[in-house]
2 protein chains.
Amino acid sequence: MKIFMFLFFILFNLSLPNQAMEDENIVRGWAAKGAKQPLELHTYKVGPIGSQEVEIAVDYCGLCHTDLSFINNEFGLSQYPLIPGHEVVGKIVAMGEQVPGLKIGQTVGVGCYADSCMYCHDCRAGNNNLCEKVALTVGHPGGFAEKMRSHWAWTIPLPETLDISKAGPLMCGGATVFAPLLEHVKPIHHVGVVGIGGLGHLALQFAKAFGCHVTAFTSNLSKTEELKGFGAHRVISNKNSDDILEAAKSLDFLLVTVSTSLDWETYLQTLKPNGRMHVVGGIPEPMEIPALSLLPGKKCVSSSPLATPTQIFEMLEFAARHGIAPQVEIFPMSKVNEGLKHLEEGKARYRVVLKSDFDFLKEEK
Amino acid sequence: MKIFMFLFFILFNLSLPNQAMEDENIVRGWAAKGAKQPLELHTYKVGPIGSQEVEIAVDYCGLCHTDLSFINNEFGLSQYPLIPGHEVVGKIVAMGEQVPGLKIGQTVGVGCYADSCMYCHDCRAGNNNLCEKVALTVGHPGGFAEKMRSHWAWTIPLPETLDISKAGPLMCGGATVFAPLLEHVKPIHHVGVVGIGGLGHLALQFAKAFGCHVTAFTSNLSKTEELKGFGAHRVISNKNSDDILEAAKSLDFLLVTVSTSLDWETYLQTLKPNGRMHVVGGIPEPMEIPALSLLPGKKCVSSSPLATPTQIFEMLEFAARHGIAPQVEIFPMSKVNEGLKHLEEGKARYRVVLKSDFDFLKEEK
C-alpha cells in the first residue's frame, strides 16, 4: 500500500506542471487534417501569450463559406492541421502585458483578420485591413476551438445590447458588407444586393437602415417575403438577363456577395450613371468587364476585404442601435461537420453559428 | 438686248434669296462619304439656327483618334456623309435667341459633346456629360468645316491667355484626362499614365501641376527625356510585365489612355492599397479583371467620358495658369487626309491640329 501511495505521490507531483501547461498553453479545437477531410478534435500548443495578444474563451463562432474554402484548400494557402473559424465571439481570459484598453472578462469579437504589423503606412492610417502582413484568423489558429488569440487591435469590444449568440456573423460577413456601404453609399441611393445568403441578408438590413431604396437579386423568388422582411423594397430574379434588366439604370450601388462568375455586362446595365458595382466574393475566374460598359456612364467596379477595426466597431454600434442581426441556425461546436454540410448544401438560413461545447465534452470524458 | 437685260434682272432677283441662304445655311466641310474613305470637300445645309444654338466660325480643330474610329465606323454608329472633328476652337458668328452669356465674336471651344437635353437629372446636376441624349460633335456635323454649331452649354469660352492654335486638343483630349485627375487624385498621390500620345502627354502635365509624383509607361523609351519634360519623374517601359512591375505597389492612380487590351492583372499590381485604375480608351475587348486582384488591396477599375462643361472651363483656366498645352503639329485643313494618315501611322507628336483654310480655297476658286 505504501509503495502505491508513494507512486501516486510521485505521479501526482510530476503531473502538476503538465497540468498547468495543459491549462495555459494547450488548446482543443476542431481541425481539418487535410483538404476536404471532416474536422476532428485536435489538441495543440499555443506557447506563451505575446505582449500585444489577447486570449479569448470562445462562446460562439460563425461559419462562413471561406471556412469551407480553406478546409478544401481552394486558394492553395491552407496548412494542415487547420483550425478554421473567423467569426469569433467570446470573453477575454488572458492578455499580454502591452495590451491597452481591454479587460479580462470583457466580451469581444474577432473577424477574419487577427493581426497586422501596426507600423506600416496603412496600419498607421487605421487601414489595418490593407496591411501586407495582415494575418487571417482561419488557421491562426482560428475560432473552432475552446480558446483563440488575436492582436488587441483586431479584438473588438461588443456593445452590451448585442445578442452574443448572433454577433459572430457580424464580425466577418457583417463587416465585409458594411464597410463598402459606409464608404460609398448615401441615404438617397438605390442599392442592389446580388446573392442573399449570409452576407446578402445583412447587407439588405444595413442598406435599409441607411435609408436607401433596396433591391434584392435572388435565384429563389420563394424567399421574396422574407427578403422584404430584411429590408428589400424590390426582389428580382437573377436567373436570366431579362429579369435582371427589370432593374436597368436604377441602381447607384450594386453589391455582389456571390463567389461565382456573373453576366457582368448585364449587371453593369442596372447601374445609373456614376454607379458602382462592388464585389466582395472571391470569384475565381477573371471578371469580363467591357471598358465601354463603364465609360459613357462613368461607372466603376471595385472590391474590398474585411472592414478596418474602427469600421467594425462602428458597424457593431450601428447594428445594436438598429436591431440588425443575422438570422442564425445554432449548432453545438461538436457538430461542426453537420454545420459545414448544411452550409455546403446551400441550406443555411442564413448563417450557421457554432456554440462552444468543450465543457460538455470535458464532462462527457 | 432688252430681253437679255430682263432675263438678267429676273435671274439676279431670283438668285438673291438663294445667295442669302447659301451664306447663312450652307456650310463647306471635309466629309467621309463612306467607311475608310479619304475625306472630301462637301457642302451641306444646316437649316435655321436653334434658339439655344451657337454657330462658330472654326479657326482650328484638333485631330483625335476617335475621329479615325468614326471615319472607319469602328463603333458601328457612323452615318455618311460624316463630318468629323470635335476639338474645335473658333469665334461665335451667330447665336439663337435664347443663348445666355455668350457674345458674337467671342473665342470659344467645343469638345466631343455638342449638345445634351438640359432637363434630365444628370443635366440639372451639371453632369451633362452623363445625359442619355448627349450628342457627339463628330458628325453633328463636326469641326472639320468652316462653321459648326453647338448648344451654348457645351460652348466654352477660352481664357484670353490661351494660345488658340493649341487649345483644340484641350477640349477633348485634355478634358478627358483632366476630369478623372480632378475627381480622384490628390497632390500627395503617385500617378501613372499608360500610353503617352495625345491624351497621355497632357495627363503628364496636369498630374505634375497637381503636385503629384508622375510615372510614364511607354513602349518607346527613346522618348524618355521628352516625357520627363512633360512632367514624368519616372519613365518605365511597358513592353513586358517585369518592366511594368518596376512600379509594383507604387501608384495611387493609374490612367490608361490606350485603346488596346493590356495585361490588366500586372497593371493592377502597380497600385498601392486603395489604388484606382482609370481607363479612358475605348478598348474593344472586355477587360479581364480578377476579383482577387482588387479585393485584398481594395482597388477599383473605373472609366469616364469627356468632362462636364464646368470641368472643361476649370481645365482651361488651370491650363492657362500653368502654361499647360499640347505639343501640336499644324496642318492646313485642306490637308486633312495627310493629317489623318500621320495620326494613323502613329507619327503624331503629340497631337495634330487642322487650321481652317476655307478662305484660301475661296480665293483659289
# chains A, B, ... in the order shown; residues from 1 in each chain; ligands from 1
call {"tool": "residues_around", "arguments": {"residues": "region 232-243 of chain A", "least_positions_apart": "6", "cutoff": "9 Å", "atoms": "only C-alpha atoms", "output": "short mmCIF file (atom, residue, chain, number, x, y, z; two decimals) with C-alpha atoms, in the first residue's frame"}}
result
data_model
loop_
_atom_site.label_atom_id
_atom_site.label_comp_id
_atom_site.auth_asym_id
_atom_site.auth_seq_id
_atom_site.Cartn_x
_atom_site.Cartn_y
_atom_site.Cartn_z
CA GLY A 192 -28.88 46.39 -55.15
CA VAL A 194 -26.78 40.10 -55.55
CA GLY A 195 -26.93 36.83 -53.63
CA LEU A 204 -30.24 44.27 -47.06
CA GLN A 205 -30.68 45.23 -43.40
CA ALA A 207 -28.88 49.37 -46.65
CA LYS A 208 -32.45 49.70 -45.37
CA HIS A 213 -34.02 52.05 -51.62
CA VAL A 214 -33.08 48.36 -51.63
CA THR A 215 -33.28 45.74 -54.40
CA ALA A 216 -32.52 42.06 -53.76
CA PHE A 217 -31.42 39.85 -56.65
CA THR A 218 -32.04 36.19 -55.86
CA SER A 219 -32.25 32.88 -57.67
CA ASN A 220 -35.05 31.85 -55.30
CA LEU A 221 -38.15 34.04 -55.58
CA LYS A 223 -37.87 33.88 -50.42
CA THR A 224 -39.43 37.17 -51.60
CA GLU A 225 -41.45 37.95 -48.48
CA GLU A 226 -38.55 37.02 -46.22
CA ASP A 263 -23.12 38.18 -66.56
CA THR A 266 -25.88 42.85 -67.82
CA TYR A 267 -25.38 43.76 -64.17
#
call {"tool": "interface_residues", "arguments": {"of": "chain A", "to": "chain B", "cutoff": "8 Å", "atoms": "only C-alpha atoms", "output": "list in words"}}
result
Leu130, Pro273, Val279, Val280, Gly281, Gly282, Ile283, Pro284, Glu285, Pro286, Met287, Glu288, Ile289, Pro290, Ala291, Leu292, Leu294, Leu295, Pro296, Gly297, Lys298, Lys299, Cys300, Val301, Ser302, Ser303, Ser304 and Pro305 of chain A
call {"tool": "residues_around", "arguments": {"residues": "Asp67 (chain A)", "least_positions_apart": "3", "cutoff": "9 Å", "atoms": "only C-alpha atoms", "output": "ChimeraX atom specification"}}
result
/A:63-64,70-72,84-86,138,340
call {"tool": "write_last_selection", "arguments": {"atoms": "N, CA and C atoms", "output": "PDB file, in the first residue's frame"}}
result
ATOM      1  N   LEU A  63     -20.021  30.411 -39.042  1.00  0.00           N
ATOM      2  CA  LEU A  63     -19.472  29.509 -40.044  1.00  0.00           C
ATOM      3  C   LEU A  63     -19.659  30.181 -41.403  1.00  0.00           C
ATOM      4  N   CYS A  64     -18.545  30.521 -42.015  1.00  0.00           N
ATOM      5  CA  CYS A  64     -18.558  31.316 -43.252  1.00  0.00           C
ATOM      6  C   CYS A  64     -18.099  30.444 -44.409  1.00  0.00           C
ATOM      7  N   PHE A  70     -11.141  27.246 -47.154  1.00  0.00           N
ATOM      8  CA  PHE A  70      -9.844  26.940 -46.545  1.00  0.00           C
ATOM      9  C   PHE A  70      -9.731  25.453 -46.187  1.00  0.00           C
ATOM     10  N   ILE A  71     -10.810  24.886 -45.680  1.00  0.00           N
ATOM     11  CA  ILE A  71     -10.785  23.447 -45.384  1.00  0.00           C
ATOM     12  C   ILE A  71     -10.454  22.675 -46.662  1.00  0.00           C
ATOM     13  N   ASN A  72     -11.046  23.118 -47.776  1.00  0.00           N
ATOM     14  CA  ASN A  72     -10.855  22.421 -49.050  1.00  0.00           C
ATOM     15  C   ASN A  72      -9.643  22.922 -49.839  1.00  0.00           C
ATOM     16  N   PRO A  84     -10.214  26.127 -38.547  1.00  0.00           N
ATOM     17  CA  PRO A  84     -10.955  27.213 -39.189  1.00  0.00           C
ATOM     18  C   PRO A  84     -11.673  28.069 -38.137  1.00  0.00           C
ATOM     19  N   GLY A  85     -12.545  28.963 -38.635  1.00  0.00           N
ATOM     20  CA  GLY A  85     -13.349  29.780 -37.731  1.00  0.00           C
ATOM     21  C   GLY A  85     -12.829  31.193 -37.628  1.00  0.00           C
ATOM     22  N   HIS A  86     -13.640  32.168 -38.067  1.00  0.00           N
ATOM     23  CA  HIS A  86     -13.160  33.555 -38.069  1.00  0.00           C
ATOM     24  C   HIS A  86     -14.327  34.526 -37.837  1.00  0.00           C
ATOM     25  N   VAL A 138      -8.473  32.389 -39.792  1.00  0.00           N
ATOM     26  CA  VAL A 138      -8.544  30.966 -40.160  1.00  0.00           C
ATOM     27  C   VAL A 138      -7.144  30.379 -40.083  1.00  0.00           C
ATOM     28  N   LEU A 340     -21.099  22.295 -41.330  1.00  0.00           N
ATOM     29  CA  LEU A 340     -20.406  22.520 -42.606  1.00  0.00           C
ATOM     30  C   LEU A 340     -21.188  21.915 -43.765  1.00  0.00           C
TER      31      LEU A 340
END
call {"tool": "residues_around", "arguments": {"residues": "Ala179 (chain B)", "least_positions_apart": "4", "cutoff": "10 Å", "atoms": "only C-alpha atoms", "output": "PyMOL selection string"}}
result
chain B and resi 174-175+183-185+304-308+311-312+314-315
call {"tool": "atom_distance", "arguments": {"atom1": "CA of Leu102 (chain A)", "atom2": "CA of Ile156 (chain A)"}}
result
9.0 Å
call {"tool": "closest_residue", "arguments": {"among": "B:His322, B:Ala94, B:Leu254, B:Phe75", "to": "Ala209 (chain B)", "atoms": "only C-alpha atoms"}}
result
B:His322
call {"tool": "closest_residue", "arguments": {"among": "B:Cys61, B:Leu202, B:Ala31, B:Val193", "to": "Glu87 (chain B)", "atoms": "only C-alpha atoms"}}
result
B:Cys61
call {"tool": "select_by_dssp", "arguments": {"residues": "region 198-285 of chain A", "states": "strand (DSSP E or B)", "output": "PDB file with C-alpha atoms, in the first residue's frame"}}
result
ATOM      1  CA  HIS A 213     -34.023  52.048 -51.623  1.00  0.00           C
ATOM      2  CA  VAL A 214     -33.080  48.362 -51.631  1.00  0.00           C
ATOM      3  CA  THR A 215     -33.283  45.740 -54.399  1.00  0.00           C
ATOM      4  CA  ALA A 216     -32.520  42.065 -53.758  1.00  0.00           C
ATOM      5  CA  PHE A 217     -31.419  39.846 -56.655  1.00  0.00           C
ATOM      6  CA  THR A 218     -32.036  36.193 -55.864  1.00  0.00           C
ATOM      7  CA  ARG A 234     -37.963  45.059 -54.561  1.00  0.00           C
ATOM      8  CA  VAL A 235     -36.996  41.433 -55.193  1.00  0.00           C
ATOM      9  CA  ILE A 236     -35.801  40.450 -58.679  1.00  0.00           C
ATOM     10  CA  SER A 237     -34.881  37.054 -60.089  1.00  0.00           C
ATOM     11  CA  LEU A 251     -29.046  51.498 -59.059  1.00  0.00           C
ATOM     12  CA  ASP A 252     -26.333  53.716 -57.623  1.00  0.00           C
ATOM     13  CA  PHE A 253     -24.564  50.833 -55.915  1.00  0.00           C
ATOM     14  CA  LEU A 254     -24.659  47.114 -56.628  1.00  0.00           C
ATOM     15  CA  LEU A 255     -23.134  44.814 -54.022  1.00  0.00           C
ATOM     16  CA  VAL A 256     -22.169  41.368 -55.311  1.00  0.00           C
ATOM     17  CA  LEU A 271     -26.371  50.959 -62.726  1.00  0.00           C
ATOM     18  CA  LYS A 272     -27.238  54.606 -63.144  1.00  0.00           C
ATOM     19  CA  PRO A 273     -24.553  56.998 -64.384  1.00  0.00           C
ATOM     20  CA  ASN A 274     -21.843  57.308 -61.722  1.00  0.00           C
ATOM     21  CA  GLY A 275     -22.879  53.869 -60.424  1.00  0.00           C
ATOM     22  CA  ARG A 276     -20.551  51.402 -58.740  1.00  0.00           C
ATOM     23  CA  MET A 277     -20.521  47.602 -58.799  1.00  0.00           C
ATOM     24  CA  HIS A 278     -18.755  46.348 -55.693  1.00  0.00           C
ATOM     25  CA  VAL A 279     -17.697  42.714 -55.424  1.00  0.00           C
TER      26      VAL A 279
END
call {"tool": "residues_around", "arguments": {"residues": "Lys166 (chain A)", "least_positions_apart": "2", "cutoff": "10 Å", "atoms": "only C-alpha atoms", "output": "tab-separated table (two decimals) with C-alpha atoms, in the first residue's frame"}}
result
chain	number	residue	atom	x	y	z
A	60	TYR	CA	-19.73	31.29	-30.38
A	61	CYS	CA	-18.15	31.14	-33.81
A	62	GLY	CA	-19.97	31.78	-37.09
A	89	VAL	CA	-17.31	35.92	-30.03
A	162	LEU	CA	-25.90	42.95	-28.80
A	163	ASP	CA	-27.11	39.33	-28.62
A	164	ILE	CA	-23.80	37.46	-28.49
A	168	GLY	CA	-20.31	36.22	-34.71
A	169	PRO	CA	-21.55	36.61	-38.29
A	170	LEU	CA	-21.39	40.39	-37.93
A	171	MET	CA	-17.62	40.15	-37.34
A	324	ILE	CA	-29.68	44.44	-37.09
A	325	ALA	CA	-28.69	40.81	-36.65
A	326	PRO	CA	-28.14	37.76	-38.79
A	327	GLN	CA	-30.78	35.09	-38.89
A	328	VAL	CA	-28.84	32.16	-37.46
A	329	GLU	CA	-29.05	28.41	-37.00
A	330	ILE	CA	-27.06	27.33	-33.95
A	351	ARG	CA	-25.84	31.80	-41.20
A	352	VAL	CA	-24.70	28.83	-39.17
A	353	VAL	CA	-23.23	29.62	-35.74
call {"tool": "select_by_dssp", "arguments": {"residues": "region 197-229 of chain A", "states": "alpha helix (DSSP H)", "output": "compact mmCIF listing (two decimals) with N, CA, C and O atoms, in the first residue's frame"}}
result
# COMPACT_ATOMS: atom_id res chain seq x y z
N GLY A 198 -25.54 34.57 -46.30
CA GLY A 198 -25.03 35.11 -45.04
C GLY A 198 -24.70 36.59 -45.13
O GLY A 198 -25.09 37.39 -44.27
N LEU A 199 -23.97 36.99 -46.17
CA LEU A 199 -23.60 38.39 -46.33
C LEU A 199 -24.78 39.21 -46.83
O LEU A 199 -25.06 40.30 -46.31
N GLY A 200 -25.46 38.68 -47.85
CA GLY A 200 -26.51 39.45 -48.51
C GLY A 200 -27.65 39.84 -47.58
O GLY A 200 -28.15 40.97 -47.65
N HIS A 201 -28.06 38.93 -46.69
CA HIS A 201 -29.23 39.25 -45.86
C HIS A 201 -28.87 40.31 -44.80
O HIS A 201 -29.73 41.03 -44.32
N LEU A 202 -27.56 40.41 -44.48
CA LEU A 202 -27.12 41.51 -43.61
C LEU A 202 -27.03 42.81 -44.40
O LEU A 202 -27.40 43.88 -43.91
N ALA A 203 -26.57 42.71 -45.65
CA ALA A 203 -26.46 43.91 -46.49
C ALA A 203 -27.83 44.55 -46.70
O ALA A 203 -27.97 45.78 -46.67
N LEU A 204 -28.88 43.72 -46.89
CA LEU A 204 -30.24 44.27 -47.06
C LEU A 204 -30.62 45.09 -45.82
O LEU A 204 -31.17 46.19 -45.92
N GLN A 205 -30.31 44.55 -44.65
CA GLN A 205 -30.68 45.23 -43.40
C GLN A 205 -29.91 46.54 -43.22
O GLN A 205 -30.48 47.56 -42.84
N PHE A 206 -28.61 46.50 -43.51
CA PHE A 206 -27.82 47.73 -43.37
C PHE A 206 -28.29 48.80 -44.35
O PHE A 206 -28.46 49.96 -43.99
N ALA A 207 -28.49 48.39 -45.62
CA ALA A 207 -28.88 49.37 -46.65
C ALA A 207 -30.23 50.00 -46.30
O ALA A 207 -30.43 51.20 -46.47
N LYS A 208 -31.15 49.17 -45.80
CA LYS A 208 -32.45 49.70 -45.37
C LYS A 208 -32.27 50.72 -44.24
O LYS A 208 -32.85 51.81 -44.26
N ALA A 209 -31.44 50.35 -43.26
CA ALA A 209 -31.23 51.24 -42.12
C ALA A 209 -30.46 52.51 -42.50
O ALA A 209 -30.55 53.53 -41.81
N THR A 224 -39.12 35.74 -51.42
CA THR A 224 -39.43 37.17 -51.60
C THR A 224 -39.91 37.85 -50.32
O THR A 224 -39.38 38.91 -49.95
N GLU A 225 -40.90 37.26 -49.65
CA GLU A 225 -41.45 37.95 -48.48
C GLU A 225 -40.41 38.06 -47.36
O GLU A 225 -40.32 39.08 -46.67
N GLU A 226 -39.61 37.01 -47.23
CA GLU A 226 -38.55 37.02 -46.22
C GLU A 226 -37.54 38.14 -46.53
O GLU A 226 -37.12 38.87 -45.63
N LEU A 227 -37.18 38.26 -47.80
CA LEU A 227 -36.19 39.28 -48.18
C LEU A 227 -36.77 40.68 -47.97
O LEU A 227 -36.05 41.61 -47.59
N LYS A 228 -38.06 40.83 -48.20
CA LYS A 228 -38.70 42.12 -47.91
C LYS A 228 -38.63 42.40 -46.41
O LYS A 228 -38.44 43.54 -45.99
N GLY A 229 -38.75 41.33 -45.63
CA GLY A 229 -38.62 41.49 -44.18
C GLY A 229 -37.23 41.97 -43.77
O GLY A 229 -37.09 42.70 -42.79
call {"tool": "residues_around", "arguments": {"residues": "Trp152 (chain A)", "least_positions_apart": "4", "cutoff": "10 Å", "atoms": "only C-alpha atoms", "output": "ChimeraX atom specification"}}
result
/A:51-55,95-96,98-102,110,114-115,156
call {"tool": "closest_residue", "arguments": {"among": "B:Ile49, B:Val27, B:Leu82, B:Val88", "to": "Ser165 (chain B)", "atoms": "only C-alpha atoms"}}
result
B:Val88
call {"tool": "residues_around", "arguments": {"residues": "Lys36 (chain A)", "least_positions_apart": "2", "cutoff": "10 Å", "atoms": "only C-alpha atoms", "output": "PyMOL selection string"}}
result
chain A and resi 32-34+38-39+68-74
call {"tool": "write_last_selection", "arguments": {"atoms": "all heavy atoms", "output": "PDB file, in the first residue's frame"}}
result
ATOM      1  N   ALA A  32      -9.119  20.487 -39.542  1.00  0.00           N
ATOM      2  CA  ALA A  32      -9.022  19.697 -40.771  1.00  0.00           C
ATOM      3  C   ALA A  32      -7.589  19.208 -40.848  1.00  0.00           C
ATOM      4  O   ALA A  32      -6.656  20.000 -40.725  1.00  0.00           O
ATOM      5  CB  ALA A  32      -9.352  20.570 -41.975  1.00  0.00           C
ATOM      6  N   LYS A  33      -7.433  17.910 -41.028  1.00  0.00           N
ATOM      7  CA  LYS A  33      -6.072  17.356 -41.102  1.00  0.00           C
ATOM      8  C   LYS A  33      -5.595  17.267 -42.548  1.00  0.00           C
ATOM      9  O   LYS A  33      -4.445  16.931 -42.816  1.00  0.00           O
ATOM     10  CB  LYS A  33      -6.033  15.976 -40.424  1.00  0.00           C
ATOM     11  CG  LYS A  33      -6.518  16.009 -38.961  1.00  0.00           C
ATOM     12  CD  LYS A  33      -5.412  15.858 -37.945  1.00  0.00           C
ATOM     13  CE  LYS A  33      -5.841  16.192 -36.540  1.00  0.00           C
ATOM     14  NZ  LYS A  33      -5.765  15.090 -35.572  1.00  0.00           N
ATOM     15  N   GLY A  34      -6.478  17.539 -43.476  1.00  0.00           N
ATOM     16  CA  GLY A  34      -6.133  17.548 -44.892  1.00  0.00           C
ATOM     17  C   GLY A  34      -7.300  18.113 -45.675  1.00  0.00           C
ATOM     18  O   GLY A  34      -8.397  18.294 -45.122  1.00  0.00           O
ATOM     19  N   PRO A  38     -13.215  15.662 -43.031  1.00  0.00           N
ATOM     20  CA  PRO A  38     -14.064  16.151 -41.940  1.00  0.00           C
ATOM     21  C   PRO A  38     -13.183  16.655 -40.799  1.00  0.00           C
ATOM     22  O   PRO A  38     -12.053  16.189 -40.624  1.00  0.00           O
ATOM     23  CB  PRO A  38     -14.863  14.909 -41.513  1.00  0.00           C
ATOM     24  CG  PRO A  38     -14.130  13.751 -42.069  1.00  0.00           C
ATOM     25  CD  PRO A  38     -13.349  14.222 -43.258  1.00  0.00           C
ATOM     26  N   LEU A  39     -13.691  17.616 -40.034  1.00  0.00           N
ATOM     27  CA  LEU A  39     -12.901  18.148 -38.928  1.00  0.00           C
ATOM     28  C   LEU A  39     -12.846  17.116 -37.796  1.00  0.00           C
ATOM     29  O   LEU A  39     -13.807  16.383 -37.565  1.00  0.00           O
ATOM     30  CB  LEU A  39     -13.499  19.459 -38.423  1.00  0.00           C
ATOM     31  CG  LEU A  39     -13.674  20.585 -39.449  1.00  0.00           C
ATOM     32  CD1 LEU A  39     -13.863  21.923 -38.736  1.00  0.00           C
ATOM     33  CD2 LEU A  39     -12.501  20.685 -40.414  1.00  0.00           C
ATOM     34  N   LEU A  68     -15.057  26.908 -45.432  1.00  0.00           N
ATOM     35  CA  LEU A  68     -15.111  25.752 -46.339  1.00  0.00           C
ATOM     36  C   LEU A  68     -14.000  25.834 -47.384  1.00  0.00           C
ATOM     37  O   LEU A  68     -13.330  24.838 -47.664  1.00  0.00           O
ATOM     38  CB  LEU A  68     -16.461  25.737 -47.071  1.00  0.00           C
ATOM     39  CG  LEU A  68     -17.596  24.965 -46.425  1.00  0.00           C
ATOM     40  CD1 LEU A  68     -18.870  25.148 -47.243  1.00  0.00           C
ATOM     41  CD2 LEU A  68     -17.253  23.473 -46.343  1.00  0.00           C
ATOM     42  N   SER A  69     -13.808  27.031 -47.948  1.00  0.00           N
ATOM     43  CA  SER A  69     -12.762  27.197 -48.970  1.00  0.00           C
ATOM     44  C   SER A  69     -11.402  26.849 -48.395  1.00  0.00           C
ATOM     45  O   SER A  69     -10.578  26.219 -49.070  1.00  0.00           O
ATOM     46  CB  SER A  69     -12.742  28.639 -49.489  1.00  0.00           C
ATOM     47  OG  SER A  69     -13.995  28.986 -50.019  1.00  0.00           O
ATOM     48  N   PHE A  70     -11.141  27.246 -47.154  1.00  0.00           N
ATOM     49  CA  PHE A  70      -9.844  26.940 -46.545  1.00  0.00           C
ATOM     50  C   PHE A  70      -9.731  25.453 -46.187  1.00  0.00           C
ATOM     51  O   PHE A  70      -8.681  24.846 -46.381  1.00  0.00           O
ATOM     52  CB  PHE A  70      -9.579  27.830 -45.329  1.00  0.00           C
ATOM     53  CG  PHE A  70      -8.867  29.096 -45.723  1.00  0.00           C
ATOM     54  CD1 PHE A  70      -9.584  30.209 -46.124  1.00  0.00           C
ATOM     55  CD2 PHE A  70      -7.478  29.149 -45.734  1.00  0.00           C
ATOM     56  CE1 PHE A  70      -8.925  31.363 -46.522  1.00  0.00           C
ATOM     57  CE2 PHE A  70      -6.809  30.295 -46.128  1.00  0.00           C
ATOM     58  CZ  PHE A  70      -7.536  31.414 -46.517  1.00  0.00           C
ATOM     59  N   ILE A  71     -10.810  24.886 -45.680  1.00  0.00           N
ATOM     60  CA  ILE A  71     -10.785  23.447 -45.384  1.00  0.00           C
ATOM     61  C   ILE A  71     -10.454  22.675 -46.662  1.00  0.00           C
ATOM     62  O   ILE A  71      -9.649  21.748 -46.657  1.00  0.00           O
ATOM     63  CB  ILE A  71     -12.144  22.993 -44.789  1.00  0.00           C
ATOM     64  CG1 ILE A  71     -12.329  23.611 -43.401  1.00  0.00           C
ATOM     65  CG2 ILE A  71     -12.245  21.470 -44.736  1.00  0.00           C
ATOM     66  CD1 ILE A  71     -13.739  23.486 -42.833  1.00  0.00           C
ATOM     67  N   ASN A  72     -11.046  23.118 -47.776  1.00  0.00           N
ATOM     68  CA  ASN A  72     -10.855  22.421 -49.050  1.00  0.00           C
ATOM     69  C   ASN A  72      -9.643  22.922 -49.839  1.00  0.00           C
ATOM     70  O   ASN A  72      -9.411  22.511 -50.959  1.00  0.00           O
ATOM     71  CB  ASN A  72     -12.125  22.552 -49.900  1.00  0.00           C
ATOM     72  CG  ASN A  72     -13.309  21.874 -49.235  1.00  0.00           C
ATOM     73  OD1 ASN A  72     -13.131  20.947 -48.438  1.00  0.00           O
ATOM     74  ND2 ASN A  72     -14.517  22.325 -49.553  1.00  0.00           N
ATOM     75  N   ASN A  73      -8.884  23.842 -49.242  1.00  0.00           N
ATOM     76  CA  ASN A  73      -7.667  24.413 -49.855  1.00  0.00           C
ATOM     77  C   ASN A  73      -7.924  24.994 -51.241  1.00  0.00           C
ATOM     78  O   ASN A  73      -7.122  24.824 -52.167  1.00  0.00           O
ATOM     79  CB  ASN A  73      -6.553  23.358 -49.910  1.00  0.00           C
ATOM     80  CG  ASN A  73      -5.183  24.009 -50.111  1.00  0.00           C
ATOM     81  OD1 ASN A  73      -5.017  25.210 -49.884  1.00  0.00           O
ATOM     82  ND2 ASN A  73      -4.208  23.231 -50.552  1.00  0.00           N
ATOM     83  N   GLU A  74      -9.047  25.685 -51.391  1.00  0.00           N
ATOM     84  CA  GLU A  74      -9.384  26.257 -52.701  1.00  0.00           C
ATOM     85  C   GLU A  74      -8.425  27.371 -53.118  1.00  0.00           C
ATOM     86  O   GLU A  74      -8.266  27.649 -54.300  1.00  0.00           O
ATOM     87  CB  GLU A  74     -10.816  26.799 -52.679  1.00  0.00           C
ATOM     88  CG  GLU A  74     -11.855  25.689 -52.755  1.00  0.00           C
ATOM     89  CD  GLU A  74     -13.270  26.180 -52.524  1.00  0.00           C
ATOM     90  OE1 GLU A  74     -13.506  27.393 -52.657  1.00  0.00           O
ATOM     91  OE2 GLU A  74     -14.131  25.346 -52.184  1.00  0.00           O
TER      92      GLU A  74
END
